[in-house]
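A.B. asks: Provided herewith is a single structure, encoded as structure tokens, for subsequent inquiry.
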Amino acid sequence: MKILGIDPGMAIVGYSVIEYNGEKPVLLHSGSIQTSKDKSESARLLEIFEDMGVIVEKYKPDVCAIEKLFFFRNQTTVMPVAHARGVILTVLEKFNIPTFEYTPIEVKQVLTGYGRADKKEVEHMVKISLGVNTLPKLDDTVDSIAIAICHTRSNMVK
């Protein structure tokens with residue numbers, strides 16, 4: 001099973017593709033879609049839409065695990081992130097990709113056993129889960145991997 005993990009955002013969308021056969025997840029690809037603050041919001045959303053379409057066509061995921069918005073401290077970023085997430089969900093629907101949503105607390109709980117774990121603890125568990133020593137530099141990309149791994153441990157995969 002190929003799982004597309006997505007950490008949505010307006011400036012950066014982290015994504016990853018993992019293969020999971022019931023044992024250890026294998027990272028096939030990861031990266032980010034980065035949009036320029038110099039562009040209009042609609043141009044940035046179109047860029048996310050088009051790039052996400054290319055990613056789905058290229059990697060042909062069976063399912064997608066995406067971060068669910070549940071609470072934002074910074075009210076100035078919640079709407080653009082929600083818009084970007086909506087565009088991503090539209091692409092996934094267009095390609096008939098079943099989508100599963102996980103809050104950051106759920107991802108941390110599943111990976112570390114503690115819903116308030118910090119970034120370093122999550123990164124450490126992602127490394128252990130994949131059996132690797134290094135991860136991508138961008139937090140958004142690492143978060144997308146964590147979201148995909150979280151899905152491998154959900155009841156939806158069993």
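By convention here, the chains of the structure tokens are called A, B, ... in the order presented, each chain's residues are numbered starting at 1, and ligands are numbered starting at 1 in the order presented.
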Would you pick out the contacts of Asp38 in chain A at 12 Å or less, using only C-alpha atoms, so that residues sharing its chain but fewer than 5 positions from it are not included, and give the list as a PyMOL selection string?
C.D. replies: chain A and resi 11+43-44
A.B. asks: Residues of range 80-156 of chain A that have any atom at most 9 Å from an atom of range 18-31 of chain A: could you tabulate them with the shortest-distance atom pair and the distance in Å to one decimal, using only C-alpha atoms, ordered by chain and increasing number, as a tab-separated table?
C.D. replies:
residue	atom	partner	partner_atom	distance
A:Ser129	CA	A:Lys24	CA	6.9
A:Leu130	CA	A:Pro25	CA	5.9
A:Gly131	CA	A:Lys24	CA	8.4
A:Pro136	CA	A:Ser30	CA	7.8
A:Leu138	CA	A:Gly31	CA	8.5
A:Asp140	CA	A:Gly31	CA	8.8
A:Thr141	CA	A:Gly31	CA	5.9
A:Val142	CA	A:Ser30	CA	8.5
A:Ser144	CA	A:Ser30	CA	8.3
A:Ile145	CA	A:Ile18	CA	7.7
A:Ala148	CA	A:Ile18	CA	7.0
A:Ile149	CA	A:Pro25	CA	7.1
A:Thr152	CA	A:Tyr20	CA	7.0
A.B. asks: Skip range 54-65 of chain A itself and residues of its chain fewer than 2 positions away, then list as a PyMOL selection string all residues within 9 Å of it, counting only C-alpha atoms.
C.D. replies: chain A and resi 1-7+17-18+29+49-52+67+91-92+95+97-102+144+147-151
A.B. asks: Quick check, in Å to one decimal: how far apart do CA of Val87 in chain A and CA of Ser36 in chain A lie?
C.D. replies: 16.7 Å
A.B. asks: Quick one: pull the distance between CA of Pro8 in chain A and CA of Lys119 in chain A, Å, one decimal.
C.D. replies: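 Calculated distance between CA of Pro8 in chain A and CA of Lys119 in chain A is 16.8 Å.
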A.B. asks: Where does DSSP see alpha helix (DSSP H) in range 13-158 of chain A, if you list the residues as number ranges by chain?
C.D. replies: A: 41-59, 75-94, 104-112, 119-130, 139-152
A.B. asks: Output C-alpha atoms of each residue in that selection to a file, as a PDB file, in the first residue's frame.
C.D. replies:
ATOM      1  CA  GLU A  41      -3.317  33.884  -2.484  1.00  0.00           C
ATOM      2  CA  SER A  42      -5.239  32.555  -5.471  1.00  0.00           C
ATOM      3  CA  ALA A  43      -2.010  32.078  -7.475  1.00  0.00           C
ATOM      4  CA  ARG A  44      -0.461  30.217  -4.540  1.00  0.00           C
ATOM      5  CA  LEU A  45      -3.523  27.966  -4.206  1.00  0.00           C
ATOM      6  CA  LEU A  46      -3.404  27.201  -7.932  1.00  0.00           C
ATOM      7  CA  GLU A  47       0.275  26.288  -7.604  1.00  0.00           C
ATOM      8  CA  ILE A  48      -0.530  23.899  -4.738  1.00  0.00           C
ATOM      9  CA  PHE A  49      -3.415  22.411  -6.748  1.00  0.00           C
ATOM     10  CA  GLU A  50      -1.283  21.816  -9.832  1.00  0.00           C
ATOM     11  CA  ASP A  51       1.772  20.491  -7.966  1.00  0.00           C
ATOM     12  CA  MET A  52      -0.339  18.165  -5.836  1.00  0.00           C
ATOM     13  CA  GLY A  53      -1.951  16.822  -9.008  1.00  0.00           C
ATOM     14  CA  VAL A  54       1.496  16.040 -10.437  1.00  0.00           C
ATOM     15  CA  ILE A  55       2.522  14.276  -7.216  1.00  0.00           C
ATOM     16  CA  VAL A  56      -0.639  12.136  -7.167  1.00  0.00           C
ATOM     17  CA  GLU A  57      -0.277  11.233 -10.856  1.00  0.00           C
ATOM     18  CA  LYS A  58       3.413  10.362 -10.457  1.00  0.00           C
ATOM     19  CA  TYR A  59       3.265   8.289  -7.250  1.00  0.00           C
ATOM     20  CA  GLN A  75      -5.579  33.365  13.782  1.00  0.00           C
ATOM     21  CA  THR A  76      -3.805  35.096  10.862  1.00  0.00           C
ATOM     22  CA  THR A  77      -2.602  31.780   9.446  1.00  0.00           C
ATOM     23  CA  VAL A  78      -5.622  29.553  10.056  1.00  0.00           C
ATOM     24  CA  MET A  79      -7.585  30.706   6.995  1.00  0.00           C
ATOM     25  CA  PRO A  80      -4.770  30.388   4.427  1.00  0.00           C
ATOM     26  CA  VAL A  81      -3.880  26.943   5.786  1.00  0.00           C
ATOM     27  CA  ALA A  82      -7.546  25.940   5.626  1.00  0.00           C
ATOM     28  CA  HIS A  83      -7.719  27.184   2.023  1.00  0.00           C
ATOM     29  CA  ALA A  84      -4.585  25.220   1.077  1.00  0.00           C
ATOM     30  CA  ARG A  85      -5.989  22.146   2.776  1.00  0.00           C
ATOM     31  CA  GLY A  86      -9.227  22.553   0.839  1.00  0.00           C
ATOM     32  CA  VAL A  87      -7.347  22.686  -2.454  1.00  0.00           C
ATOM     33  CA  ILE A  88      -5.386  19.562  -1.504  1.00  0.00           C
ATOM     34  CA  LEU A  89      -8.567  17.715  -0.535  1.00  0.00           C
ATOM     35  CA  THR A  90     -10.067  18.716  -3.890  1.00  0.00           C
ATOM     36  CA  VAL A  91      -7.131  17.158  -5.757  1.00  0.00           C
ATOM     37  CA  LEU A  92      -7.416  13.971  -3.707  1.00  0.00           C
ATOM     38  CA  GLU A  93     -11.146  13.786  -4.450  1.00  0.00           C
ATOM     39  CA  LYS A  94     -10.504  14.398  -8.160  1.00  0.00           C
ATOM     40  CA  PRO A 104      -1.112  16.663  15.505  1.00  0.00           C
ATOM     41  CA  ILE A 105      -1.935  15.306  18.970  1.00  0.00           C
ATOM     42  CA  GLU A 106      -3.094  11.979  17.475  1.00  0.00           C
ATOM     43  CA  VAL A 107       0.095  11.696  15.396  1.00  0.00           C
ATOM     44  CA  LYS A 108       2.301  12.410  18.418  1.00  0.00           C
ATOM     45  CA  GLN A 109       0.316   9.972  20.582  1.00  0.00           C
ATOM     46  CA  VAL A 110       0.601   7.174  18.014  1.00  0.00           C
ATOM     47  CA  LEU A 111       4.309   7.708  17.301  1.00  0.00           C
ATOM     48  CA  THR A 112       5.641   8.526  20.773  1.00  0.00           C
ATOM     49  CA  LYS A 119       9.532  17.860  17.453  1.00  0.00           C
ATOM     50  CA  LYS A 120      12.735  16.048  18.429  1.00  0.00           C
ATOM     51  CA  GLU A 121      10.823  13.143  20.003  1.00  0.00           C
ATOM     52  CA  VAL A 122       8.657  12.791  16.895  1.00  0.00           C
ATOM     53  CA  GLU A 123      11.707  12.962  14.613  1.00  0.00           C
ATOM     54  CA  HIS A 124      13.422  10.287  16.689  1.00  0.00           C
ATOM     55  CA  MET A 125      10.443   7.936  16.388  1.00  0.00           C
ATOM     56  CA  VAL A 126      10.178   8.585  12.631  1.00  0.00           C
ATOM     57  CA  LYS A 127      13.842   7.573  12.275  1.00  0.00           C
ATOM     58  CA  ILE A 128      13.257   4.414  14.312  1.00  0.00           C
ATOM     59  CA  SER A 129      10.078   3.561  12.369  1.00  0.00           C
ATOM     60  CA  LEU A 130      11.860   3.893   9.024  1.00  0.00           C
ATOM     61  CA  ASP A 139       9.965  20.128   9.556  1.00  0.00           C
ATOM     62  CA  ASP A 140       6.918  20.138   7.272  1.00  0.00           C
ATOM     63  CA  THR A 141       8.297  17.209   5.285  1.00  0.00           C
ATOM     64  CA  VAL A 142       9.180  15.260   8.429  1.00  0.00           C
ATOM     65  CA  ASP A 143       5.682  15.950   9.749  1.00  0.00           C
ATOM     66  CA  SER A 144       4.202  14.502   6.550  1.00  0.00           C
ATOM     67  CA  ILE A 145       6.222  11.317   7.092  1.00  0.00           C
ATOM     68  CA  ALA A 146       4.999  11.133  10.700  1.00  0.00           C
ATOM     69  CA  ILE A 147       1.391  11.529   9.501  1.00  0.00           C
ATOM     70  CA  ALA A 148       1.843   8.711   6.957  1.00  0.00           C
ATOM     71  CA  ILE A 149       3.427   6.442   9.580  1.00  0.00           C
ATOM     72  CA  CYS A 150       0.547   7.251  11.938  1.00  0.00           C
ATOM     73  CA  HIS A 151      -1.824   5.906   9.304  1.00  0.00           C
ATOM     74  CA  THR A 152       0.091   2.607   9.123  1.00  0.00           C
TER      75      THR A 152
END
A.B. asks: Could you state the separation of CA of Gly14 in chain A and CA of Gln34 in chain A in Å, given to one decimal place?
C.D. replies: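 Separation of CA of Gly14 in chain A and CA of Gln34 in chain A: 8.7 Å.
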A.B. asks: Would you please extract all strand (DSSP E) residues from chain A, as assigned by DSSP on the backbone, and give them as number ranges by chain?
C.D. replies: A: 2-7, 12-19, 26-34, 63-67, 99-102
A.B. asks: With C-alpha atoms kept, could you save the residues just selected as a short mmCIF file (atom, residue, chain, number, x, y, z; two decimals), in the first residue's frame?
C.D. replies:
data_model
loop_
_atom_site.label_atom_id
_atom_site.label_comp_id
_atom_site.auth_asym_id
_atom_site.auth_seq_id
_atom_site.Cartn_x
_atom_site.Cartn_y
_atom_site.Cartn_z
CA LYS A 2 1.29 3.45 -0.94
CA ILE A 3 0.40 6.16 1.56
CA LEU A 4 0.71 9.85 0.72
CA GLY A 5 1.35 11.85 3.90
CA ILE A 6 0.56 15.56 3.81
CA ASP A 7 1.28 18.42 6.19
CA ILE A 12 4.97 25.08 2.59
CA VAL A 13 3.12 21.82 1.97
CA GLY A 14 5.18 18.91 3.24
CA TYR A 15 4.50 15.61 1.53
CA SER A 16 5.85 12.08 1.57
CA VAL A 17 5.08 8.75 -0.03
CA ILE A 18 5.66 5.59 1.96
CA GLU A 19 5.17 1.96 1.05
CA VAL A 26 9.60 2.38 3.55
CA LEU A 27 10.02 6.00 2.50
CA LEU A 28 9.78 6.16 -1.30
CA HIS A 29 9.89 9.93 -1.72
CA SER A 30 9.43 13.15 0.23
CA GLY A 31 9.52 16.83 -0.51
CA SER A 32 7.66 20.10 -0.29
CA ILE A 33 5.60 22.48 -2.33
CA GLN A 34 6.75 26.00 -1.50
CA VAL A 63 -4.62 6.44 0.33
CA CYS A 64 -3.72 9.79 1.82
CA ALA A 65 -3.12 10.69 5.46
CA ILE A 66 -3.40 14.44 6.03
CA GLU A 67 -3.10 16.64 9.08
CA THR A 99 -8.35 10.38 2.71
CA PHE A 100 -7.79 9.92 6.44
CA GLU A 101 -7.29 12.84 8.82
CA TYR A 102 -5.16 12.96 11.96
#
